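Take a look at the structure set out below.
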Amino acid sequence: LVSPTKDRTRTPQLLATPSMAPSKKQDDDLKKNVEMTEHKEDLGEMEKRLGTNYETGLTTKQVADLQAKWGENKLTPPPETHICIKFILELTDFFSLLLWGGGVLCFVGYGLEGAKDNLYLGIVLFFVVLATGIFSFVQNQKSDSLMKSFANMLPPKVLVMRDGKTGNEDAIKLVPGDIVLVNAGDLIPADMRILECSDNLTVDQASLTGENEAQKRRKECTHDDPLETQNLCFFGTQVPEGSCKGVVISIGDHTVMGRIAKLAMGTDKGQTPINKEIENFIHIISAIAIFLGISFLIINAVGGVPWITNLVFMIGIIVANVPEGLITTVTVCLTLTANRMHSKMVLVKNLEGVETLGSTSCICSDKTGTLTQNIMTVAQIVYGGKNGFSIEDCESSFSKAGATYDVENASFKALARCATLCNVSVFDENSKFETDNAGEFVLKNGEKVPVDFFRMREQGDGSVIREVAWKPVGNASEAAMIKFVHPISNVEAARAVAPPEAVIPFNSKNKYQVHVHVDPAYNDASTTASTPPEEIIAKNKGNRMVYMKGAPERILARCDKMMVDGKVVKMTAEDSKKIDALNMSLAENGLRVLAFCQATLDTRKFPPGYKYTADPDGYCSPNFPIGDFDMKYDAREKKHPNSDEGMVYLGMMALIDPPRPAVPPAVSKCKTAGIKVIMVTGDHPVTAQAIAYKVGILWSKTVGDMEKENDRDGLSPGDEGWQDPEQAQAIVVPGHTISVDMPEEKWDAILAHPQIVFARTSPQQKLVIVENCQRQGHIVAVTGDGVNDSPALKQADIGVAMGIMGSEVSKNAADMILLDDNFASIVAGVEEGRLIFDNLKKSICYTLTSNIPEISPFISQVLFQIPLPLSTILILGIDLGTDMVPAISMAYETAEADIMKRPPRNAKVDRLVTKKLINLAYLQIGIMQAMAGFYVYMVVLNDYGYPPHVLMGLGGNDYWGKQPTFCRFMGGQYVNVAGESNPTAATVGTAAPNVGVLTSGPDMDYPLWDRGDGGYVIDCEFPVMNFNGKGGSLANNAERMDSSKVNDHTAGESTYTYESVKALEARHYYEYVPWRARMSPFWDADWLYYDITEEEAPGGQFGDSVDSMFFSYQPIGMWSICMADSDLSSGKKGAGNRPAQEAKDQINAFDPSTVGCDSSTSMDADSQVWMFSEATFCNGDGRTTGCDSGQNLDGNWHMPNWCTQCGYLNKGTCSSTVDVNTMVPCANVASRMIQKEAQHHAQGAYFISIIVVQWADLLICKTRWLSLRSQGMKNSVMNFGLFFETLLGAWLCYQPGIQMGLGTRNIRFTHWLPGIPWSCLIFSYDEVRKYLMRTTSPESVDKASGQVIRLKGWLERNTYY
């Protein structure tokens, strides 16, 4: 942190900023280390500059003026995006807009044409976008309470001196120059310069520096670095002990913490890797969809397809290409993985962070509480055993060998007793008993339930650590000592029988602590643990004991004796040197060392009742022994003679925050996985280096170690044994050696080391470290627990906060929270992240594979003019129905072998969707699935009378299911509904039945064609639509049944005419009602006598359909052009739909004079069919003149029958004598209804075939490398998914209510079977592909790293996705 103007005293004026969003220059300044001079400024000059008075404080007027100038002492909150805007953004991404547009077009199509299929499709598309948006919004919504957390660091009230009076004021009203008084337990309300303080003042700066030890404070400047000096206190830190008086130098946003807040809020971390991948995938798929949609829109437009039909077709193309369920599938997969990670003690706040962690190539980890337990622990001790003084290990993760000390040794007991009595830390009484969630004691039989001293806690990675359940209160070092001693010797019992008589507290000047206690060996026989201390002291007439602990060099200098194996012996210079060497050995390992000594006070010199005091009158030293024999005092001070007596050296205790037991193997796994682990800590370099070696972040000599060894041995470059520091693989970088201004070349040189530790780093430096790692292309995960870590947590690709020791600020800034504060949980998260990326790839491959069988029907319809094999609504049934659970089940798939032996994912190459994935999904498996679908589709249509060879050309112009088909038959016979043939039927070309082309058509008694013995359909056509009548509308069905009302009215729709039908019949094409359809489950004989007032569902011609719908279907009667326009003068060339070539040929060959037109006229010109605007409508009602003469339209096969009641069983009520008042027209719609139903069955079977081949697709997508035999079928969710998609498919086909919306039908069981061989083919093909891929890609193991190195063969290079 530096001021914008260097080399000037930092004042609030220089740091003023208008908002919390820093500019580029301000952002760069914020990242610099703290540069301020207030800690070095003369107090007198500061008093003048701030306009304050250290004795009386500011005046009321000054405060008012300063408040107006600087504002309130609070952090400016960032601008927030309204929750409604966030929700709208979820609904308006590119993917959603595509579907919104499709839905709107569907509604437009429904409004113009009235087809309910479009209505249903539009509703489903809208529902998809809304449901997906709501789901994503709910899952990703997280509280943006970061600044509120910073606000919590501000105390509500603070003790302030103003106008010479001291009183409580709101902390928010503080101004620079205010004189503030702070006591133990208070939060520091602003950045302050200490004016006065108690000797024991300490400040907990963990939120700034990461140090878990409270830091000593005094009024003198002790360091040039403002974060290291002891005369400053910073906003948001806490005072655990002592009191002080200080002057406010910065408030609000201008404090050090305020700048951290600005950094945290101003840091833009950009898109997550998975977000980039999904966006890239959506762009690819959407581009393909839009390109194909527009391409076929143009092709259809050129082909004369009506624009509404064309528009709906384009929607189908887009819907077929876009996997609508993808975003939901991805979100569900991430959510499920997040839930699974929660069971491993990892709380995922940002769902996309799950995969980001899997992409991590660099972890910048804090030390305290993450790599270590954040519990100060006695790691090693030194005492005089049988073999003299030596270092012994204690039971901790720092020394993995376990305890090596002898608890029965008298010297050890003396050391433990000194650590117990020369100690003021205690165990919290409340922590010794069980409490409920409300904090109340749990009672059993009226008694509190005690808690065991130790408890076992399971961590997220499954490891179990033993921890002390009783909570210590007091200094962390002293707390570590009583936790060490208590299991060996009851601390409270020892203290109860040996009360103190005098205490000299620890202070930074003396660096020791002294207690005088009674010797319990001389206690009265009646003494118990409950005896009052005063009574024990009064009754104990024996010796007293002096116990001292402190800095090793200070304690050793006061001792002239030492205890070895329980005996006190004289200490020689050699002994002293050896003990000092042991101390240095401990310190070099990063341990905090405290030494212990004692002295026995003989009753002859110190009788019972002696008054022990630290500063007796006239003396500067205590009136009892403390080893002052070699101490030098000021000549003006007089030393008490009793203090000279030397002490007995007992030993040392070395403390450290030890590494977590699960961390070293986790770091090892990271190295194997190619993940770089960097320690970034605010702790001392020596301590950081020691822990780094213990956990495996460092494992070779550092640059500093090599330089020290070279200096120690006097070696220079070129000397034998000289070590080149530039060749070192490890480096420990102190924070003062790096800055934001440092050239990139120096950063690159540091980050090039495979083993790195950054120590004594500031929050700004941690942020810059992260940014430089990202600049090198790393996906960076950062761990942190303090406020100081929040900027780096926000900047990182994945921020990981600590759940136990972490501040609220760090938790809010992070994407994930380790509930057990365990680094090993991060590694488990990396594995989960890699697994979810693998599984998302598999899920997407599974989902995309069905795109080809979904889109190929639309392409085939355009290219080959076949009836549409699969409807758009059924595509949604696949994408949002049958495929959803199987796709989501991939999230439950276990990892394939060696997932943690692969190098980190290269985001530039190893994308979520690659060319190889597209190649496999689209061009290999997808094509086989499409072939299966078309095969089943053609089987079904063939079974219902439409063989594959007749289909081409019938699917164009939207005629299928709307108009009757006319076919030529080679042989065969006409039969009635009972299957009986017409005995009088004649054939042409031969006298034998069923041979040659039939030259006569069906009639109402024998309407169905049966292939008989060897007959077949040659080809089929639709009549040419060559009449387009007037627009407008008819009021109701009654008008539609009145030929005089209809006349030349067609609502602007084109329709066929009597002439176009006769043109077909002239070439022996007759209306086709297949007998095979009669044998189908959908046959309805009433279609031969259909009541046009009865609704045709879903949608369709009859009932109350709109005019445009009614007239776009088969006419209920016939229009004759020749009756109204015999010279064909109303014809226009090339207008309307463009019929198939065969239909053109029929019109070309037709002589209209045979149906009443002038002999010289023609119905086409230049091979283009004319569209006529004048015609006469006949339907047999007798209301139109001329219909019953000449052409004899009335009574024609194509005309409706007039009956008193429609229906096949009521055909006896039909008569050629029509009474329009008592009779209704009954239309023969069997031909078109069979088309419609056969297509629905074929589409349903195509839909089912996709489900069947998706069985195989799901199984092959379980693995990308291994055989299914190796992976197994242990994924119970996937097994359920196989059954689910099958049962759902069956339900969608067989449920009557669903059939109306989806257009499905009751599929024959035999039509489920044709897809099974294709499913087997797909499975076998992929298993063989993987087998050949494995056998042609040999593997080897890198001995140095343990990574599996694979020599990729051709198949892997081209098909391994």
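Identifiers for the structure tokens are assigned positionally: chains receive A, B, ... in sequence, residues are indexed from 1 per chain, and ligands are indexed from 1 in the order shown.
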
Legend entry - Shell around Ser431 of chain A at 9 Å using only C-alpha atoms, local window under 4 positions removed, as an NGL selection string: :A and (427 or 435 or 450-451 or 469-472)

Inset, instruction - Using only C-alpha atoms, determine which residues lie at most 12 Å from Leu130 of chain A, disregarding the query and same-chain residues fewer than 3 positions distant; provide the list as a ChimeraX atom specification. - result: /A:87-92,96-97,99-100,103,123-127,133-137,324,327-328

Residue selection dump (N, CA, C and O atoms) as an mmCIF file, in the first residue's frame:
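Result went into part_10.cif, see below:
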```cif
data_model
loop_
_atom_site.group_PDB
_atom_site.id
_atom_site.type_symbol
_atom_site.label_atom_id
_atom_site.label_comp_id
_atom_site.auth_asym_id
_atom_site.auth_seq_id
_atom_site.Cartn_x
_atom_site.Cartn_y
_atom_site.Cartn_z
ATOM 1 N N PHE A 87 -31.839 -11.964 -12.063
ATOM 2 C CA PHE A 87 -32.740 -12.993 -12.580
ATOM 3 C C PHE A 87 -32.955 -12.815 -14.084
ATOM 4 O O PHE A 87 -32.950 -13.792 -14.849
ATOM 5 N N ILE A 88 -33.106 -11.562 -14.503
ATOM 6 C CA ILE A 88 -33.298 -11.288 -15.936
ATOM 7 C C ILE A 88 -32.075 -11.742 -16.723
ATOM 8 O O ILE A 88 -32.193 -12.298 -17.823
ATOM 9 N N LEU A 89 -30.890 -11.514 -16.174
ATOM 10 C CA LEU A 89 -29.668 -11.931 -16.858
ATOM 11 C C LEU A 89 -29.612 -13.445 -17.035
ATOM 12 O O LEU A 89 -29.087 -13.950 -18.031
ATOM 13 N N GLU A 90 -30.154 -14.172 -16.048
ATOM 14 C CA GLU A 90 -30.195 -15.639 -16.168
ATOM 15 C C GLU A 90 -31.094 -16.066 -17.327
ATOM 16 O O GLU A 90 -30.914 -17.141 -17.894
ATOM 17 N N LEU A 91 -32.077 -15.223 -17.667
ATOM 18 C CA LEU A 91 -33.053 -15.582 -18.701
ATOM 19 C C LEU A 91 -32.715 -15.015 -20.075
ATOM 20 O O LEU A 91 -33.430 -15.277 -21.046
ATOM 21 N N THR A 92 -31.628 -14.255 -20.156
ATOM 22 C CA THR A 92 -31.369 -13.571 -21.426
ATOM 23 C C THR A 92 -29.969 -13.829 -21.956
ATOM 24 O O THR A 92 -29.419 -13.003 -22.692
ATOM 25 N N SER A 96 -30.578 -18.787 -24.081
ATOM 26 C CA SER A 96 -31.984 -18.548 -23.742
ATOM 27 C C SER A 96 -32.677 -17.700 -24.795
ATOM 28 O O SER A 96 -33.833 -17.954 -25.150
ATOM 29 N N LEU A 97 -31.980 -16.677 -25.305
ATOM 30 C CA LEU A 97 -32.582 -15.816 -26.323
ATOM 31 C C LEU A 97 -32.947 -16.616 -27.573
ATOM 32 O O LEU A 97 -33.962 -16.345 -28.224
ATOM 33 N N LEU A 99 -33.921 -19.709 -27.633
ATOM 34 C CA LEU A 99 -35.152 -20.453 -27.354
ATOM 35 C C LEU A 99 -36.347 -19.506 -27.194
ATOM 36 O O LEU A 99 -37.468 -19.850 -27.586
ATOM 37 N N TRP A 100 -36.104 -18.316 -26.604
ATOM 38 C CA TRP A 100 -37.180 -17.323 -26.529
ATOM 39 C C TRP A 100 -37.681 -17.010 -27.943
ATOM 40 O O TRP A 100 -38.894 -16.954 -28.190
ATOM 41 N N GLY A 103 -39.730 -19.770 -29.361
ATOM 42 C CA GLY A 103 -41.065 -19.811 -28.767
ATOM 43 C C GLY A 103 -41.987 -18.746 -29.335
ATOM 44 O O GLY A 103 -43.164 -19.000 -29.619
ATOM 45 N N ILE A 123 -45.182 -23.211 -25.855
ATOM 46 C CA ILE A 123 -45.317 -23.289 -24.391
ATOM 47 C C ILE A 123 -44.145 -24.046 -23.791
ATOM 48 O O ILE A 123 -43.556 -23.627 -22.783
ATOM 49 N N VAL A 124 -43.782 -25.162 -24.409
ATOM 50 C CA VAL A 124 -42.672 -25.968 -23.890
ATOM 51 C C VAL A 124 -41.367 -25.182 -23.946
ATOM 52 O O VAL A 124 -40.578 -25.199 -22.990
ATOM 53 N N LEU A 125 -41.105 -24.483 -25.055
ATOM 54 C CA LEU A 125 -39.869 -23.707 -25.174
ATOM 55 C C LEU A 125 -39.811 -22.608 -24.113
ATOM 56 O O LEU A 125 -38.763 -22.394 -23.483
ATOM 57 N N PHE A 126 -40.907 -21.927 -23.887
ATOM 58 C CA PHE A 126 -40.943 -20.888 -22.852
ATOM 59 C C PHE A 126 -40.710 -21.515 -21.472
ATOM 60 O O PHE A 126 -39.986 -20.961 -20.642
ATOM 61 N N PHE A 127 -41.342 -22.654 -21.246
ATOM 62 C CA PHE A 127 -41.178 -23.324 -19.956
ATOM 63 C C PHE A 127 -39.722 -23.738 -19.746
ATOM 64 O O PHE A 127 -39.186 -23.608 -18.632
ATOM 65 N N GLY A 133 -33.712 -21.029 -16.206
ATOM 66 C CA GLY A 133 -33.278 -19.774 -15.609
ATOM 67 C C GLY A 133 -33.517 -19.729 -14.109
ATOM 68 O O GLY A 133 -32.646 -19.320 -13.351
ATOM 69 N N ILE A 134 -34.693 -20.173 -13.683
ATOM 70 C CA ILE A 134 -35.023 -20.175 -12.250
ATOM 71 C C ILE A 134 -34.089 -21.119 -11.507
ATOM 72 O O ILE A 134 -33.552 -20.781 -10.442
ATOM 73 N N PHE A 135 -33.864 -22.288 -12.081
ATOM 74 C CA PHE A 135 -33.007 -23.274 -11.418
ATOM 75 C C PHE A 135 -31.589 -22.728 -11.263
ATOM 76 O O PHE A 135 -30.986 -22.802 -10.192
ATOM 77 N N SER A 136 -31.043 -22.164 -12.361
ATOM 78 C CA SER A 136 -29.690 -21.616 -12.303
ATOM 79 C C SER A 136 -29.617 -20.445 -11.338
ATOM 80 O O SER A 136 -28.646 -20.305 -10.588
ATOM 81 N N PHE A 137 -30.652 -19.614 -11.341
ATOM 82 C CA PHE A 137 -30.669 -18.446 -10.461
ATOM 83 C C PHE A 137 -30.645 -18.875 -8.999
ATOM 84 O O PHE A 137 -29.860 -18.361 -8.199
ATOM 85 N N GLU A 324 -31.598 -28.612 -25.214
ATOM 86 C CA GLU A 324 -32.254 -27.699 -24.268
ATOM 87 C C GLU A 324 -31.986 -28.053 -22.812
ATOM 88 O O GLU A 324 -32.020 -27.188 -21.944
ATOM 89 N N ILE A 327 -28.011 -26.964 -19.943
ATOM 90 C CA ILE A 327 -27.694 -26.082 -18.828
ATOM 91 C C ILE A 327 -28.225 -26.672 -17.521
ATOM 92 O O ILE A 327 -27.539 -26.658 -16.490
ATOM 93 N N THR A 328 -29.436 -27.220 -17.586
ATOM 94 C CA THR A 328 -29.981 -27.857 -16.381
ATOM 95 C C THR A 328 -29.131 -29.050 -15.982
ATOM 96 O O THR A 328 -28.828 -29.245 -14.795
#
```

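Among A:Ser585, A:Asn1201, A:Gln1239, A:Thr984, the residue with the shortest atom-to-atom distance to Ser871 of chain A, counting only C-alpha atoms, is A:Gln1239.
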
Each residue of segment 482-544 of chain A with at least one atom at most 10 Å from segment 418-426 of chain A should appear once, together with its nearest atom pair and the corresponding distance in Å (one decimal); atoms considered: only C-alpha atoms; ordering: chain, then increasing residue number; output as CSV.
```
residue,atom,partner,partner_atom,distance
A:Ile482,CA,A:Thr420,CA,6.1
A:Lys483,CA,A:Val426,CA,9.7
A:Phe484,CA,A:Ala419,CA,9.5
A:Val485,CA,A:Thr420,CA,7.1
A:His486,CA,A:Thr420,CA,8.6
A:Ser489,CA,A:Thr420,CA,9.2
A:Asn490,CA,A:Thr420,CA,9.2
A:Val491,CA,A:Thr420,CA,6.1
A:Glu492,CA,A:Val426,CA,8.3
A:Ala494,CA,A:Thr420,CA,7.7
A:Arg495,CA,A:Leu421,CA,6.4
A:Ala498,CA,A:Leu421,CA,8.0
A:Pro499,CA,A:Leu421,CA,8.5
A:Pro500,CA,A:Leu421,CA,8.1
A:Val503,CA,A:Cys422,CA,8.6
A:Ile504,CA,A:Cys422,CA,9.8
A:Pro505,CA,A:Val424,CA,9.4
A:Gln513,CA,A:Cys422,CA,7.2
A:Val514,CA,A:Cys422,CA,6.5
A:His515,CA,A:Cys422,CA,5.5
A:Val516,CA,A:Cys422,CA,8.4
A:His517,CA,A:Leu421,CA,7.7
```

Per residue of segment 525-620 of chain A within 9 Å of segment 656-672 of chain A, what are the shortest atom pair and its distance in Å to one decimal, counting only C-alpha atoms, with rows by chain and residue number, as CSV?
```
residue,atom,partner,partner_atom,distance
A:Gly590,CA,A:Ile656,CA,7.5
A:Leu591,CA,A:Ile656,CA,5.3
A:Arg592,CA,A:Ile656,CA,6.2
A:Val593,CA,A:Ile656,CA,8.9
```

Inset, instruction - Find the spatial neighbours of segment 1330-1333 of chain A, counting only C-alpha atoms, within a cut-off of 8 Å - ignore same-chain residues fewer than 4 positions away - and output them as a PyMOL selection string. - result: chain A and resi 1264-1267+1326+1337+1353-1356

Tell me which protein, DNA and RNA residues are within 12 Å of Ile555 of chain A, counting only C-alpha atoms, leaving out same-chain ones fewer than 3 positions away, and put them as a PDB file with N, CA and C atoms, in the first residue's frame.
```
ATOM      1  N   ASN A 510      12.583  -7.650  29.775  1.00  0.00           N
ATOM      2  CA  ASN A 510      13.293  -8.733  30.467  1.00  0.00           C
ATOM      3  C   ASN A 510      13.242 -10.061  29.717  1.00  0.00           C
ATOM      4  N   LYS A 511      12.096 -10.278  28.990  1.00  0.00           N
ATOM      5  CA  LYS A 511      11.878 -11.516  28.229  1.00  0.00           C
ATOM      6  C   LYS A 511      11.904 -12.754  29.123  1.00  0.00           C
ATOM      7  N   TYR A 512      11.348 -12.611  30.314  1.00  0.00           N
ATOM      8  CA  TYR A 512      11.172 -13.772  31.179  1.00  0.00           C
ATOM      9  C   TYR A 512       9.958 -13.570  32.065  1.00  0.00           C
ATOM     10  N   GLN A 513       9.525 -14.655  32.674  1.00  0.00           N
ATOM     11  CA  GLN A 513       8.385 -14.649  33.596  1.00  0.00           C
ATOM     12  C   GLN A 513       8.800 -15.458  34.809  1.00  0.00           C
ATOM     13  N   VAL A 514       8.480 -14.953  36.012  1.00  0.00           N
ATOM     14  CA  VAL A 514       8.929 -15.601  37.241  1.00  0.00           C
ATOM     15  C   VAL A 514       7.752 -15.805  38.186  1.00  0.00           C
ATOM     16  N   TYR A 547      10.243 -20.479  39.969  1.00  0.00           N
ATOM     17  CA  TYR A 547      10.163 -21.052  38.611  1.00  0.00           C
ATOM     18  C   TYR A 547      10.243 -19.910  37.597  1.00  0.00           C
ATOM     19  N   MET A 548      11.069 -20.103  36.598  1.00  0.00           N
ATOM     20  CA  MET A 548      11.276 -19.056  35.604  1.00  0.00           C
ATOM     21  C   MET A 548      11.229 -19.663  34.196  1.00  0.00           C
ATOM     22  N   LYS A 549      10.621 -18.931  33.270  1.00  0.00           N
ATOM     23  CA  LYS A 549      10.669 -19.317  31.858  1.00  0.00           C
ATOM     24  C   LYS A 549      10.841 -18.067  31.022  1.00  0.00           C
ATOM     25  N   GLY A 550      11.429 -18.237  29.842  1.00  0.00           N
ATOM     26  CA  GLY A 550      11.630 -17.071  28.976  1.00  0.00           C
ATOM     27  C   GLY A 550      12.475 -17.420  27.779  1.00  0.00           C
ATOM     28  N   ALA A 551      13.033 -16.381  27.148  1.00  0.00           N
ATOM     29  CA  ALA A 551      13.868 -16.570  25.963  1.00  0.00           C
ATOM     30  C   ALA A 551      15.063 -17.426  26.333  1.00  0.00           C
ATOM     31  N   PRO A 552      15.434 -18.408  25.514  1.00  0.00           N
ATOM     32  CA  PRO A 552      16.497 -19.365  25.871  1.00  0.00           C
ATOM     33  C   PRO A 552      17.808 -18.694  26.252  1.00  0.00           C
ATOM     34  N   ARG A 558      21.333 -17.026  33.171  1.00  0.00           N
ATOM     35  CA  ARG A 558      21.033 -16.876  34.590  1.00  0.00           C
ATOM     36  C   ARG A 558      21.266 -18.176  35.371  1.00  0.00           C
ATOM     37  N   CYS A 559      21.738 -19.199  34.690  1.00  0.00           N
ATOM     38  CA  CYS A 559      21.904 -20.494  35.347  1.00  0.00           C
ATOM     39  C   CYS A 559      23.386 -20.837  35.533  1.00  0.00           C
ATOM     40  N   ASP A 560      23.730 -21.340  36.703  1.00  0.00           N
ATOM     41  CA  ASP A 560      25.079 -21.859  36.947  1.00  0.00           C
ATOM     42  C   ASP A 560      25.033 -23.329  37.335  1.00  0.00           C
ATOM     43  N   LYS A 561      23.840 -23.853  37.376  1.00  0.00           N
ATOM     44  CA  LYS A 561      23.654 -25.275  37.669  1.00  0.00           C
ATOM     45  C   LYS A 561      22.639 -25.824  36.673  1.00  0.00           C
ATOM     46  N   MET A 562      22.576 -27.152  36.637  1.00  0.00           N
ATOM     47  CA  MET A 562      21.596 -27.771  35.749  1.00  0.00           C
ATOM     48  C   MET A 562      21.167 -29.097  36.355  1.00  0.00           C
ATOM     49  N   SER A 576      27.069 -25.321  28.736  1.00  0.00           N
ATOM     50  CA  SER A 576      26.321 -24.168  28.243  1.00  0.00           C
ATOM     51  C   SER A 576      26.363 -24.097  26.717  1.00  0.00           C
ATOM     52  N   ILE A 579      24.044 -26.776  25.249  1.00  0.00           N
ATOM     53  CA  ILE A 579      22.631 -26.405  25.369  1.00  0.00           C
ATOM     54  C   ILE A 579      22.283 -25.322  24.364  1.00  0.00           C
ATOM     55  N   ASP A 580      23.210 -24.357  24.154  1.00  0.00           N
ATOM     56  CA  ASP A 580      22.957 -23.292  23.181  1.00  0.00           C
ATOM     57  C   ASP A 580      22.862 -23.859  21.760  1.00  0.00           C
ATOM     58  N   ASN A 583      19.513 -25.286  21.297  1.00  0.00           N
ATOM     59  CA  ASN A 583      18.556 -24.200  21.082  1.00  0.00           C
ATOM     60  C   ASN A 583      18.586 -23.728  19.626  1.00  0.00           C
ATOM     61  N   VAL A 593      11.131 -21.324  20.798  1.00  0.00           N
ATOM     62  CA  VAL A 593      11.749 -22.025  21.928  1.00  0.00           C
ATOM     63  C   VAL A 593      11.641 -21.175  23.200  1.00  0.00           C
ATOM     64  N   LEU A 594      11.244 -21.834  24.279  1.00  0.00           N
ATOM     65  CA  LEU A 594      11.230 -21.229  25.612  1.00  0.00           C
ATOM     66  C   LEU A 594      12.027 -22.124  26.544  1.00  0.00           C
ATOM     67  N   ALA A 595      12.849 -21.505  27.385  1.00  0.00           N
ATOM     68  CA  ALA A 595      13.678 -22.264  28.333  1.00  0.00           C
ATOM     69  C   ALA A 595      13.107 -22.131  29.737  1.00  0.00           C
ATOM     70  N   PHE A 596      13.453 -23.108  30.619  1.00  0.00           N
ATOM     71  CA  PHE A 596      12.892 -23.178  31.969  1.00  0.00           C
ATOM     72  C   PHE A 596      14.018 -23.414  32.979  1.00  0.00           C
ATOM     73  N   CYS A 597      13.850 -22.777  34.139  1.00  0.00           N
ATOM     74  CA  CYS A 597      14.807 -23.006  35.227  1.00  0.00           C
ATOM     75  C   CYS A 597      14.100 -22.831  36.567  1.00  0.00           C
ATOM     76  N   GLN A 598      14.773 -23.226  37.623  1.00  0.00           N
ATOM     77  CA  GLN A 598      14.161 -23.129  38.950  1.00  0.00           C
ATOM     78  C   GLN A 598      15.233 -22.876  39.989  1.00  0.00           C
ATOM     79  N   ILE A 626      17.022 -14.843  41.028  1.00  0.00           N
ATOM     80  CA  ILE A 626      16.602 -14.953  39.626  1.00  0.00           C
ATOM     81  C   ILE A 626      17.830 -15.064  38.706  1.00  0.00           C
ATOM     82  N   GLY A 627      19.009 -15.381  39.290  1.00  0.00           N
ATOM     83  CA  GLY A 627      20.213 -15.568  38.476  1.00  0.00           C
ATOM     84  C   GLY A 627      20.807 -14.286  37.970  1.00  0.00           C
ATOM     85  N   ASP A 628      20.799 -13.248  38.796  1.00  0.00           N
ATOM     86  CA  ASP A 628      21.312 -11.949  38.370  1.00  0.00           C
ATOM     87  C   ASP A 628      22.829 -11.839  38.511  1.00  0.00           C
ATOM     88  N   ASP A 630      25.338 -12.416  36.801  1.00  0.00           N
ATOM     89  CA  ASP A 630      26.140 -11.937  35.666  1.00  0.00           C
ATOM     90  C   ASP A 630      25.436 -10.805  34.910  1.00  0.00           C
ATOM     91  N   MET A 631      24.407 -10.233  35.549  1.00  0.00           N
ATOM     92  CA  MET A 631      23.633  -9.193  34.888  1.00  0.00           C
ATOM     93  C   MET A 631      24.221  -7.820  35.178  1.00  0.00           C
ATOM     94  N   GLY A 646      22.391 -18.053  41.458  1.00  0.00           N
ATOM     95  CA  GLY A 646      22.151 -18.684  40.162  1.00  0.00           C
ATOM     96  C   GLY A 646      20.992 -19.675  40.197  1.00  0.00           C
ATOM     97  N   MET A 647      20.431 -19.941  39.000  1.00  0.00           N
ATOM     98  CA  MET A 647      19.285 -20.825  38.838  1.00  0.00           C
ATOM     99  C   MET A 647      19.744 -22.197  38.348  1.00  0.00           C
ATOM    100  N   VAL A 648      18.811 -23.162  38.456  1.00  0.00           N
ATOM    101  CA  VAL A 648      19.070 -24.521  37.976  1.00  0.00           C
ATOM    102  C   VAL A 648      18.367 -24.689  36.626  1.00  0.00           C
ATOM    103  N   TYR A 649      19.164 -24.955  35.615  1.00  0.00           N
ATOM    104  CA  TYR A 649      18.616 -25.083  34.260  1.00  0.00           C
ATOM    105  C   TYR A 649      17.875 -26.419  34.136  1.00  0.00           C
ATOM    106  N   LEU A 650      16.597 -26.351  33.679  1.00  0.00           N
ATOM    107  CA  LEU A 650      15.775 -27.559  33.574  1.00  0.00           C
ATOM    108  C   LEU A 650      15.658 -28.058  32.131  1.00  0.00           C
ATOM    109  N   GLY A 651      15.589 -27.137  31.190  1.00  0.00           N
ATOM    110  CA  GLY A 651      15.446 -27.581  29.806  1.00  0.00           C
ATOM    111  C   GLY A 651      14.675 -26.578  28.966  1.00  0.00           C
ATOM    112  N   MET A 652      14.184 -27.057  27.832  1.00  0.00           N
ATOM    113  CA  MET A 652      13.476 -26.175  26.880  1.00  0.00           C
ATOM    114  C   MET A 652      12.244 -26.895  26.329  1.00  0.00           C
TER     115      MET A 652
END
```

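Reported to one decimal place, the separation of atom CA of Ser1162 of chain A from atom CA of Ser1108 of chain A is 29.0 Å.
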
Inset, instruction - Determine which residues of segment 935-1175 of chain A DSSP labels as strand (DSSP E) from the backbone of this structure, then write them out as number ranges by chain. - result: A: 966-970, 973-975, 1008-1010, 1016-1021, 1025-1028, 1054-1056, 1070-1071, 1090-1091, 1118-1120, 1132-1133, 1164-1165, 1168-1171
